[in-house]
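Presented below is the structure to which this report refers.
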Amino acid sequence: MNEYLILIGTVIAICVLLNRFAQRLPIPSLLIFIALGMCFGVNGIVGIPFDDYQISQICSVCLLFVMFYGGFGTNLKAARPAAAKAVVLSTAGVVATAGLVGIFAHFALKLEWLESFLIGSVIASTDAASVFSVLKTQKLDLKDHTASLLEIESGSNDPFSYMLTVLFVSLLQGESISVPALLANQILVGAAAGLLIGYAAVFFLKKCDFYMEQGKTVFVFAAAALAYALPSVFGGNGYLSVYICGIYMGNAALPDKKDLVHFFDAVTGIAQMMIFFLLGLLVTPSELPETFLPALLIMLFLTFIARPLAAGILLAPMGSGLRQIGVVSWAGIR
């Protein structure tokens, strides 16, 4: 336990100290934290042999706060015109992207069908942490509600990607699984839990005096954790739940909302650094040469063919122009 606390404390301190420097470089700062994690890893300068995927679940904890704050900062009035497009992309778009990548992996890399579609399913959703980070730090003035479209899609497309991943993992293990039941449980339980917990949290924040400094901030922190964990216990999608909870609370007239914004600004900043540092720490650079070329080919196909083709086919009939389709196609890809 002490060793992990030393590692976590050291990582957070280094990430905070490097953050200002990283933002000045002409490359995404989150890539720097991946490289930093690789430097700490088994083949890096520090040489930490870290392969404990259970401990690395801390990434899930970090991501839940990124998702919550992403929803908290979403303006429903501004996002409403882009909601239909976002929902189409987060559902049909994920399926189409996963299918295209799976077909490519099967024919180009000679992988089995189930393995090919599993790879496509894992990478089909956009990365919410990256999208929220870019939109927030760059303060982009995107037209036609494109920023809202990207925010909603990135916050809500994980359930379909998760469902497809579970489906193909189960099929590879020879299990039988009901896709409609899995999908319905993921979305319905996740959405209902997010709304109910968000409603309850807003009610208590307005009605209760917590008799402690920053008590409301701590209460919202707890609400976000519950919004993720509670539906997950019952088979719902925790990320969808915590994102919807964040949207509901962020669009409510909460007391001391400025304090909440300052607090979650700091929490999500640290969370994003931790996520990408731990991803880098899990990498074994000595094993990269044998997987580099197949991974590069999949990345190029996803970036330049699968995602743009899926986005174009779905968005063009809904009135999106080429510029919006281009931005949406490449935003958020890992």
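Ligands are numbered from 1 in the order shown, residues from 1 within each chain, and chains are lettered A, B, ... in the order they appear in the structure tokens.
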List as a Markdown table every residue of region 89-177 of chain A that is in contact with region 233-254 of chain A, defined as an atom at most 7 Å from one of its atoms (using only C-alpha atoms), together with the nearest atom pair and the distance in Å rounded to one decimal, sorted by chain and then rising number.
| residue | atom | partner | partner_atom | distance |
| --- | --- | --- | --- | --- |
| A:Gly155 | CA | A:Tyr243 | CA | 6.3 |
| A:Ser156 | CA | A:Leu240 | CA | 5.8 |
| A:Pro159 | CA | A:Asn237 | CA | 6.2 |
Query - Contact residues around Asp259 (chain A) with only C-alpha atoms at 12 Å, ignoring same-chain residues under 2 positions, as a ChimeraX atom specification - result: /A:213-218,220,254-257,261-266
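Distances from A:Val189, A:Ala84, A:Ile32, A:Ile8 to Leu315 (chain A) were compared using only C-alpha atoms, and the smallest one belongs to A:Ala84.
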**Report entry** Members of region 44-255 of chain A assigned helix (DSSP H, G or I) by DSSP, as a PyMOL selection string
**Finding:** chain A and resi 55-72+76-109+113-123+128-138+146-156+158-172+179-207+215-233+238-250
Dump of C-alpha atoms for the selected residues, as a compact mmCIF listing (two decimals), in the first residue's frame:
# COMPACT_ATOMS: atom_id res chain seq x y z
CA ILE A 55 -4.72 -1.11 -9.52
CA SER A 56 -4.92 0.65 -12.87
CA GLN A 57 -8.70 0.76 -12.39
CA ILE A 58 -7.92 4.10 -10.80
CA CYS A 59 -8.25 5.32 -14.40
CA SER A 60 -11.96 4.49 -14.17
CA VAL A 61 -12.24 6.57 -11.00
CA CYS A 62 -10.46 9.48 -12.66
CA LEU A 63 -12.60 9.23 -15.79
CA LEU A 64 -15.87 9.34 -13.84
CA PHE A 65 -15.01 12.82 -12.58
CA VAL A 66 -13.96 13.91 -16.07
CA MET A 67 -17.30 12.68 -17.38
CA PHE A 68 -19.24 14.33 -14.57
CA TYR A 69 -17.59 17.69 -15.05
CA GLY A 70 -17.99 17.41 -18.81
CA GLY A 71 -21.72 17.05 -18.29
CA PHE A 72 -21.73 19.73 -15.59
CA LEU A 76 -28.55 22.27 -22.46
CA LYS A 77 -30.02 25.26 -24.25
CA ALA A 78 -26.95 25.59 -26.44
CA ALA A 79 -26.66 21.82 -26.91
CA ARG A 80 -30.27 21.13 -27.84
CA PRO A 81 -29.84 21.88 -31.59
CA ALA A 82 -26.99 19.34 -31.77
CA ALA A 83 -28.60 16.65 -29.62
CA ALA A 84 -30.08 14.58 -32.47
CA LYS A 85 -26.80 14.46 -34.38
CA ALA A 86 -24.89 13.57 -31.21
CA VAL A 87 -27.22 10.69 -30.39
CA VAL A 88 -26.95 9.30 -33.93
CA LEU A 89 -23.15 9.47 -33.79
CA SER A 90 -22.95 7.95 -30.31
CA THR A 91 -25.07 4.95 -31.37
CA ALA A 92 -25.07 4.20 -35.09
CA GLY A 93 -21.73 5.99 -35.49
CA VAL A 94 -20.02 3.71 -32.99
CA VAL A 95 -21.48 0.58 -34.60
CA ALA A 96 -20.49 1.73 -38.10
CA THR A 97 -16.95 2.66 -37.04
CA ALA A 98 -16.46 -0.64 -35.19
CA GLY A 99 -17.77 -2.58 -38.18
CA LEU A 100 -15.51 -0.83 -40.68
CA VAL A 101 -12.42 -1.28 -38.51
CA GLY A 102 -13.33 -4.93 -37.94
CA ILE A 103 -13.63 -5.61 -41.66
CA PHE A 104 -10.30 -3.91 -42.29
CA ALA A 105 -8.53 -5.84 -39.51
CA HIS A 106 -9.87 -9.14 -40.85
CA PHE A 107 -8.83 -8.69 -44.47
CA ALA A 108 -5.70 -6.55 -44.04
CA LEU A 109 -4.23 -8.16 -40.92
CA TRP A 113 -13.65 -12.14 -37.42
CA LEU A 114 -14.43 -11.98 -33.71
CA GLU A 115 -10.98 -10.63 -32.83
CA SER A 116 -11.27 -8.05 -35.61
CA PHE A 117 -14.63 -6.77 -34.42
CA LEU A 118 -13.39 -6.73 -30.82
CA ILE A 119 -10.56 -4.38 -31.84
CA GLY A 120 -13.06 -2.20 -33.70
CA SER A 121 -15.39 -2.10 -30.70
CA VAL A 122 -12.66 -1.03 -28.27
CA ILE A 123 -11.54 1.95 -30.37
CA ALA A 128 -14.13 11.92 -23.64
CA ALA A 129 -11.11 13.02 -21.60
CA SER A 130 -9.30 14.23 -24.72
CA VAL A 131 -12.35 15.96 -26.20
CA PHE A 132 -13.27 17.78 -23.00
CA SER A 133 -9.63 18.76 -22.45
CA VAL A 134 -9.17 20.21 -25.94
CA LEU A 135 -12.49 22.08 -25.99
CA LYS A 136 -11.85 23.51 -22.55
CA THR A 137 -8.19 24.52 -22.84
CA GLN A 138 -8.25 25.78 -26.43
CA THR A 146 -20.12 21.70 -33.21
CA ALA A 147 -18.58 21.96 -29.73
CA SER A 148 -21.84 20.86 -28.11
CA LEU A 149 -22.13 18.04 -30.65
CA LEU A 150 -18.67 16.77 -29.74
CA GLU A 151 -19.28 17.08 -26.00
CA ILE A 152 -22.55 15.17 -26.05
CA GLU A 153 -21.27 12.48 -28.39
CA SER A 154 -18.08 11.90 -26.40
CA GLY A 155 -20.01 11.74 -23.14
CA SER A 156 -22.65 9.32 -24.41
CA ASP A 158 -19.23 4.75 -24.34
CA PRO A 159 -22.32 2.56 -23.67
CA PHE A 160 -22.43 1.31 -27.25
CA SER A 161 -18.69 0.76 -27.37
CA TYR A 162 -18.85 -1.02 -24.01
CA MET A 163 -21.78 -3.14 -25.17
CA LEU A 164 -19.99 -4.19 -28.35
CA THR A 165 -16.81 -4.98 -26.42
CA VAL A 166 -18.65 -7.15 -23.90
CA LEU A 167 -20.51 -8.85 -26.75
CA PHE A 168 -17.39 -9.90 -28.65
CA VAL A 169 -15.44 -10.84 -25.52
CA SER A 170 -18.36 -13.10 -24.53
CA LEU A 171 -18.52 -14.63 -28.00
CA LEU A 172 -14.77 -15.29 -27.97
CA VAL A 179 -27.56 -8.03 -27.22
CA PRO A 180 -30.95 -6.24 -26.85
CA ALA A 181 -31.11 -7.05 -23.14
CA LEU A 182 -27.53 -5.93 -22.55
CA LEU A 183 -28.05 -2.70 -24.46
CA ALA A 184 -31.37 -1.93 -22.78
CA ASN A 185 -29.96 -2.56 -19.31
CA GLN A 186 -26.86 -0.48 -19.95
CA ILE A 187 -28.74 2.55 -21.26
CA LEU A 188 -32.00 2.47 -19.30
CA VAL A 189 -30.47 1.76 -15.89
CA GLY A 190 -27.63 4.20 -16.50
CA ALA A 191 -29.89 7.02 -17.68
CA ALA A 192 -32.48 6.50 -14.93
CA ALA A 193 -29.83 6.39 -12.20
CA GLY A 194 -28.17 9.54 -13.49
CA LEU A 195 -31.43 11.47 -13.51
CA LEU A 196 -32.57 10.25 -10.10
CA ILE A 197 -29.25 10.88 -8.35
CA GLY A 198 -28.93 14.28 -10.04
CA TYR A 199 -32.46 15.24 -8.97
CA ALA A 200 -31.87 14.07 -5.39
CA ALA A 201 -28.52 15.87 -5.18
CA VAL A 202 -30.00 19.16 -6.41
CA PHE A 203 -32.90 18.81 -3.94
CA PHE A 204 -30.57 18.36 -0.95
CA LEU A 205 -28.21 21.11 -2.09
CA LYS A 206 -31.09 23.59 -2.18
CA LYS A 207 -32.84 22.47 1.00
CA GLY A 215 -19.78 20.81 2.60
CA LYS A 216 -21.76 21.28 -0.62
CA THR A 217 -18.65 20.63 -2.69
CA VAL A 218 -17.94 17.41 -0.81
CA PHE A 219 -21.59 16.39 -1.23
CA VAL A 220 -21.42 16.87 -5.01
CA PHE A 221 -18.20 14.84 -5.07
CA ALA A 222 -20.05 12.01 -3.32
CA ALA A 223 -23.03 12.33 -5.67
CA ALA A 224 -20.74 11.93 -8.69
CA ALA A 225 -19.19 8.78 -7.18
CA LEU A 226 -22.63 7.32 -6.46
CA ALA A 227 -23.88 8.18 -9.94
CA TYR A 228 -21.14 6.00 -11.39
CA ALA A 229 -21.05 3.13 -8.91
CA LEU A 230 -24.73 2.56 -8.15
CA PRO A 231 -25.97 1.77 -11.69
CA SER A 232 -22.82 -0.27 -12.36
CA VAL A 233 -23.85 -2.65 -9.57
CA GLY A 238 -21.87 4.14 -14.93
CA TYR A 239 -20.28 6.61 -17.34
CA LEU A 240 -23.60 7.40 -19.00
CA SER A 241 -25.16 7.80 -15.56
CA VAL A 242 -22.52 10.15 -14.18
CA TYR A 243 -22.57 12.21 -17.40
CA ILE A 244 -26.36 12.64 -17.25
CA CYS A 245 -26.13 13.43 -13.54
CA GLY A 246 -23.56 16.11 -14.37
CA ILE A 247 -25.78 17.61 -17.07
CA TYR A 248 -28.79 17.74 -14.75
CA MET A 249 -26.86 19.34 -11.89
CA GLY A 250 -24.92 21.72 -14.10
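Across the model, the gap from CA of Phe33 (chain A) to CA of Met273 (chain A) is 6.3 Å.
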Contacts of Thr284 (chain A) at 10 Å (only C-alpha atoms; same-chain gap of 6+ positions) as a short mmCIF file (atom, residue, chain, number, x, y, z; two decimals) with N, CA, C and O atoms, in the first residue's frame:
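Final output, selection_34.cif:
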data_model
loop_
_atom_site.label_atom_id
_atom_site.label_comp_id
_atom_site.auth_asym_id
_atom_site.auth_seq_id
_atom_site.Cartn_x
_atom_site.Cartn_y
_atom_site.Cartn_z
N MET A 38 5.66 6.15 -19.64
CA MET A 38 6.57 5.17 -20.24
C MET A 38 7.98 5.31 -19.66
O MET A 38 8.69 4.31 -19.50
N GLY A 41 8.02 3.45 -16.58
CA GLY A 41 7.68 2.05 -16.76
C GLY A 41 8.86 1.10 -16.78
O GLY A 41 10.02 1.50 -16.59
N VAL A 42 8.55 -0.16 -17.08
CA VAL A 42 9.53 -1.24 -16.94
C VAL A 42 10.75 -1.05 -17.83
O VAL A 42 11.87 -1.43 -17.44
N ASN A 43 10.59 -0.47 -19.01
CA ASN A 43 11.74 -0.23 -19.89
C ASN A 43 12.21 1.21 -19.86
O ASN A 43 13.05 1.61 -20.67
N GLY A 44 11.67 2.00 -18.94
CA GLY A 44 12.02 3.41 -18.88
C GLY A 44 13.16 3.69 -17.92
O GLY A 44 13.85 2.79 -17.44
N PRO A 49 8.18 -2.09 -12.77
CA PRO A 49 7.49 -3.19 -13.46
C PRO A 49 6.00 -3.21 -13.11
O PRO A 49 5.54 -4.04 -12.33
N PHE A 50 5.25 -2.29 -13.70
CA PHE A 50 3.84 -2.13 -13.34
C PHE A 50 2.96 -2.84 -14.36
O PHE A 50 2.90 -2.46 -15.53
N ASP A 51 2.27 -3.90 -13.95
CA ASP A 51 1.34 -4.60 -14.83
C ASP A 51 0.09 -5.03 -14.07
O ASP A 51 -0.60 -5.97 -14.45
#
Report task. Excluding Met274 (chain A) and any residue of its chain fewer than 2 positions from it, enumerate the residues within 8 Å of it, using only C-alpha atoms, and give them as a VMD selection string. Result -> chain A and resid 11 to 12 15 59 62 270 to 272 276 to 278
**Report entry** Between CA of Ser125 (chain A) and CA of Ile298 (chain A), distance in Å (one decimal)
**Finding:** 14.4 Å
Query raised in the report: Taking into account only C-alpha atoms, which residue in the set A:Leu7, A:Gly73, A:Ala35, A:Asn2 is nearest to Leu260 (chain A)?
Result: A:Gly73
Requested in this report: Identify, on the basis of only C-alpha atoms, every residue whose closest approach to Arg307 (chain A) does not exceed 8 Å; exclude the query and any residue fewer than 5 positions from it along the same chain; express the result as number ranges by chain.
Outcome: A: 97, 302, 329-330
Report task. Go ahead and compute the interatomic distance for CA of Asp144 (chain A) and CA of Leu309 (chain A), in Å to one decimal. Result -> 20.1 Å
